[in-house]
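Next comes my_file02.tsv, with TSV, C-alpha atoms.
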```tsv
chain	number	residue	atom	x	y	z
N	1	MET	CA	-17.31	11.98	-5.16
N	2	THR	CA	-14.56	10.74	-2.87
N	3	GLU	CA	-11.21	9.43	-3.89
N	4	ASP	CA	-9.35	6.63	-2.19
N	5	PHE	CA	-5.79	6.92	-0.93
N	6	TYR	CA	-3.73	3.75	-1.22
N	7	VAL	CA	-0.88	3.05	1.21
N	8	GLN	CA	1.99	1.08	-0.29
N	9	VAL	CA	5.23	-0.21	1.21
N	10	ARG	CA	8.42	-1.55	-0.28
N	11	TYR	CA	10.61	-4.10	1.49
N	12	PRO	CA	14.39	-4.52	1.29
N	13	GLY	CA	15.23	-6.06	-2.06
N	14	GLY	CA	11.61	-5.67	-3.19
N	15	ARG	CA	10.97	-4.98	-6.85
N	16	ARG	CA	7.51	-3.55	-6.43
N	17	TRP	CA	5.35	-1.54	-4.10
N	18	VAL	CA	2.84	-3.60	-2.11
N	19	ALA	CA	-0.50	-2.09	-1.06
N	20	VAL	CA	-1.32	-2.59	2.61
N	21	ALA	CA	-4.25	-0.23	3.24
N	22	VAL	CA	-6.73	2.12	1.62
N	23	SER	CA	-8.73	5.01	3.02
N	24	GLU	CA	-11.02	7.77	1.79
N	25	ASP	CA	-9.40	10.09	4.35
N	26	ARG	CA	-5.85	11.30	3.61
N	27	ARG	CA	-5.04	11.85	7.29
N	28	LEU	CA	-6.07	8.31	8.13
N	29	ALA	CA	-4.03	7.04	5.18
N	30	ALA	CA	-1.01	8.93	6.54
N	31	SER	CA	-1.53	7.38	9.96
N	32	LEU	CA	-1.82	3.91	8.43
N	33	ALA	CA	1.32	4.55	6.37
N	34	ALA	CA	3.30	5.50	9.48
N	35	ALA	CA	2.12	2.39	11.32
N	36	ALA	CA	2.90	0.13	8.36
N	37	TYR	CA	6.36	1.62	7.94
N	38	GLN	CA	7.21	1.05	11.58
N	39	ASN	CA	5.50	-2.25	12.27
N	40	LEU	CA	4.57	-4.28	9.20
N	41	ALA	CA	7.27	-6.90	8.82
N	42	ASP	CA	7.43	-9.21	5.81
N	43	GLU	CA	7.71	-13.02	6.01
N	44	ARG	CA	11.45	-12.65	6.77
N	45	GLY	CA	10.81	-10.23	9.63
N	46	ARG	CA	12.09	-7.18	7.72
N	47	THR	CA	10.30	-3.86	8.02
N	48	PRO	CA	9.66	-1.67	4.96
N	49	THR	CA	12.37	0.55	3.51
N	50	GLY	CA	9.83	2.87	1.92
N	51	VAL	CA	6.21	3.93	2.15
N	52	ARG	CA	4.00	6.06	-0.08
N	53	ILE	CA	0.42	7.18	-0.46
N	54	LEU	CA	-1.15	7.42	-3.91
N	55	ARG	CA	-4.57	8.37	-5.21
N	56	ALA	CA	-6.29	5.85	-7.47
N	57	ARG	CA	-5.58	7.92	-10.59
N	58	GLU	CA	-1.90	8.14	-9.61
N	59	LEU	CA	-1.82	4.35	-9.27
N	60	GLU	CA	-3.17	3.97	-12.78
N	61	ILE	CA	-0.59	6.40	-14.16
N	62	ASP	CA	2.20	4.60	-12.33
N	63	GLY	CA	1.06	1.00	-12.77
N	64	GLY	CA	-1.41	0.88	-15.63
N	65	PRO	CA	-5.17	0.31	-15.83
N	66	ASP	CA	-5.13	-2.78	-13.58
N	67	ALA	CA	-3.14	-1.13	-10.76
N	68	VAL	CA	-6.14	-0.39	-8.52
N	69	ALA	CA	-7.39	-3.98	-8.82
N	70	LYS	CA	-3.87	-5.28	-8.06
N	71	ASP	CA	-3.69	-3.10	-4.96
N	72	ALA	CA	-7.10	-4.38	-3.84
N	73	ARG	CA	-5.75	-7.94	-4.14
N	74	ASP	CA	-2.62	-6.99	-2.15
N	75	ILE	CA	-4.79	-5.54	0.63
N	76	ALA	CA	-7.06	-8.59	0.68
N	77	ASP	CA	-4.01	-10.88	0.82
N	78	ALA	CA	-2.56	-8.87	3.71
N	79	ALA	CA	-5.86	-9.07	5.57
N	80	THR	CA	-6.06	-12.84	5.19
N	81	GLY	CA	-2.36	-13.50	5.71
N	82	SER	CA	-1.90	-14.90	2.20
```
Have the structure of the file written as structure tokens, please.
Amino acid sequence: MTEDFYVQVRYPGGRRWVAVAVSEDRRLAASLAAAAYQNLADERGRTPTGVRILRARELEIDGGPDAVAKDARDIADAATGS
């Protein structure tokens, strides 16, 4: 059984972490996290002030039982530009 690694960023003044990517491979997740931290600007053009990588079970501990589904929505929104 594999476990997914979720990449989250936080923007200046942000109140919550926003998921931007997910990977089954921790090294790939780390690479995606580095790229997001350096290049993923928000709608105001600001780059993240923080980045983290969490396993699905860590997400649930941190954000409750719906945290994985919320992160999936964040990732889908990022992919579609919503």
Inset, instruction - Give the answer as one residue: which of N:Val22, N:Ala35, N:Val9, N:Ala41 has the shortest atom-to-atom distance to N:Arg55, using all atoms listed in the file? - result: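 Nearest to N:Arg55: N:Val22.
From atom CA of N:Thr47 back to atom CA of N:Ala69, the distance works out to 24.4 Å.
The shortest atom-to-atom distance to N:Gly13, with only C-alpha atoms taken into account, belongs to N:Asp42 out of N:Asp74, N:Asp42, N:Asp25, N:Asp62.
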Inset, instruction - Choose the residue, out of N:Ala78, N:Ala72, N:Phe5, N:Asp66, that has the smallest atom-to-atom separation from N:Arg26; count only C-alpha atoms. - result: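 That would be N:Phe5, the residue with the smallest distance to N:Arg26.
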Inset, instruction - Would you please work out which residue, of N:Asp4, N:Ser23, N:Asp71, N:Ala33, is nearest to N:Arg52 when using all atoms listed in the file? - result: N:Ala33
Inset, instruction - Identify which of the residues N:Val18, N:Tyr11, N:Glu3, N:Ala29 lies closest to N:Ala76, counting all atoms listed in the file when measuring atom-to-atom distances. - result: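 The shortest atom-to-atom distance to N:Ala76 comes from N:Val18.
Neighbours of N:Ala36 closer than or equal to 10 Å, with only C-alpha atoms counted and sequence neighbours fewer than 5 positions away skipped, come out as Val7, Gln8, Val9, Val20, Ala21, Ala30, Ser31, Ala41, Thr47, Pro48, Gly50 and Val51 of chain N.
A straight line drawn from atom CA of N:Pro65 to atom CA of N:Ile53 is 17.7 Å long.
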Taking all atoms of stretch 57-69 of chain N that the file lists and extending 8 Å past them on each side, where is the centre of the axis-aligned box and how long are its edges? Answer in Å to one decimal, as AutoDock Vina command-line options.
```
--center_x -2.6 --center_y 2.1 --center_z -12.2 --size_x 25.6 --size_y 28.1 --size_z 23.3
```
Legend entry - Selected residue of minimal separation from N:Trp17 among N:Thr49, N:Ala34, N:Gly64, N:Ala79, counting all atoms listed in the file: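 Of the candidates, the smallest distance to N:Trp17 is held by N:Thr49.
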Since the input lacks atoms, please generate N, CA and C atoms for stretch 18-31 of chain N and provide them as an mmCIF file, in the coordinates of the input.
```
data_model
loop_
_atom_site.group_PDB
_atom_site.id
_atom_site.type_symbol
_atom_site.label_atom_id
_atom_site.label_comp_id
_atom_site.auth_asym_id
_atom_site.auth_seq_id
_atom_site.Cartn_x
_atom_site.Cartn_y
_atom_site.Cartn_z
ATOM 1 N N VAL N 18 3.920 -2.713 -2.530
ATOM 2 C CA VAL N 18 2.840 -3.600 -2.110
ATOM 3 C C VAL N 18 1.820 -2.783 -1.326
ATOM 4 N N ALA N 19 0.566 -2.832 -1.753
ATOM 5 C CA ALA N 19 -0.500 -2.090 -1.060
ATOM 6 C C ALA N 19 -0.844 -2.805 0.241
ATOM 7 N N VAL N 20 -0.986 -2.014 1.305
ATOM 8 C CA VAL N 20 -1.320 -2.590 2.610
ATOM 9 C C VAL N 20 -2.574 -1.997 3.221
ATOM 10 N N ALA N 21 -3.050 -0.871 2.685
ATOM 11 C CA ALA N 21 -4.250 -0.230 3.240
ATOM 12 C C ALA N 21 -4.812 0.749 2.224
ATOM 13 N N VAL N 22 -6.069 1.097 2.440
ATOM 14 C CA VAL N 22 -6.730 2.120 1.620
ATOM 15 C C VAL N 22 -7.694 2.880 2.507
ATOM 16 N N SER N 23 -7.827 4.179 2.237
ATOM 17 C CA SER N 23 -8.730 5.010 3.020
ATOM 18 C C SER N 23 -9.256 6.150 2.162
ATOM 19 N N GLU N 24 -10.474 6.585 2.450
ATOM 20 C CA GLU N 24 -11.020 7.770 1.790
ATOM 21 C C GLU N 24 -10.486 9.050 2.417
ATOM 22 N N ASP N 25 -9.901 8.937 3.611
ATOM 23 C CA ASP N 25 -9.400 10.090 4.350
ATOM 24 C C ASP N 25 -7.866 10.124 4.280
ATOM 25 N N ARG N 26 -7.304 11.211 3.765
ATOM 26 C CA ARG N 26 -5.850 11.300 3.610
ATOM 27 C C ARG N 26 -5.123 11.256 4.957
ATOM 28 N N ARG N 27 -5.692 11.880 5.966
ATOM 29 C CA ARG N 27 -5.040 11.850 7.290
ATOM 30 C C ARG N 27 -4.979 10.427 7.838
ATOM 31 N N LEU N 28 -6.070 9.700 7.681
ATOM 32 C CA LEU N 28 -6.070 8.310 8.130
ATOM 33 C C LEU N 28 -5.063 7.498 7.315
ATOM 34 N N ALA N 29 -5.001 7.735 6.010
ATOM 35 C CA ALA N 29 -4.030 7.040 5.180
ATOM 36 C C ALA N 29 -2.603 7.329 5.654
ATOM 37 N N ALA N 30 -2.341 8.574 6.035
ATOM 38 C CA ALA N 30 -1.010 8.930 6.540
ATOM 39 C C ALA N 30 -0.710 8.202 7.845
ATOM 40 N N SER N 31 -1.695 8.094 8.705
ATOM 41 C CA SER N 31 -1.530 7.380 9.960
ATOM 42 C C SER N 31 -1.275 5.893 9.710
#
```
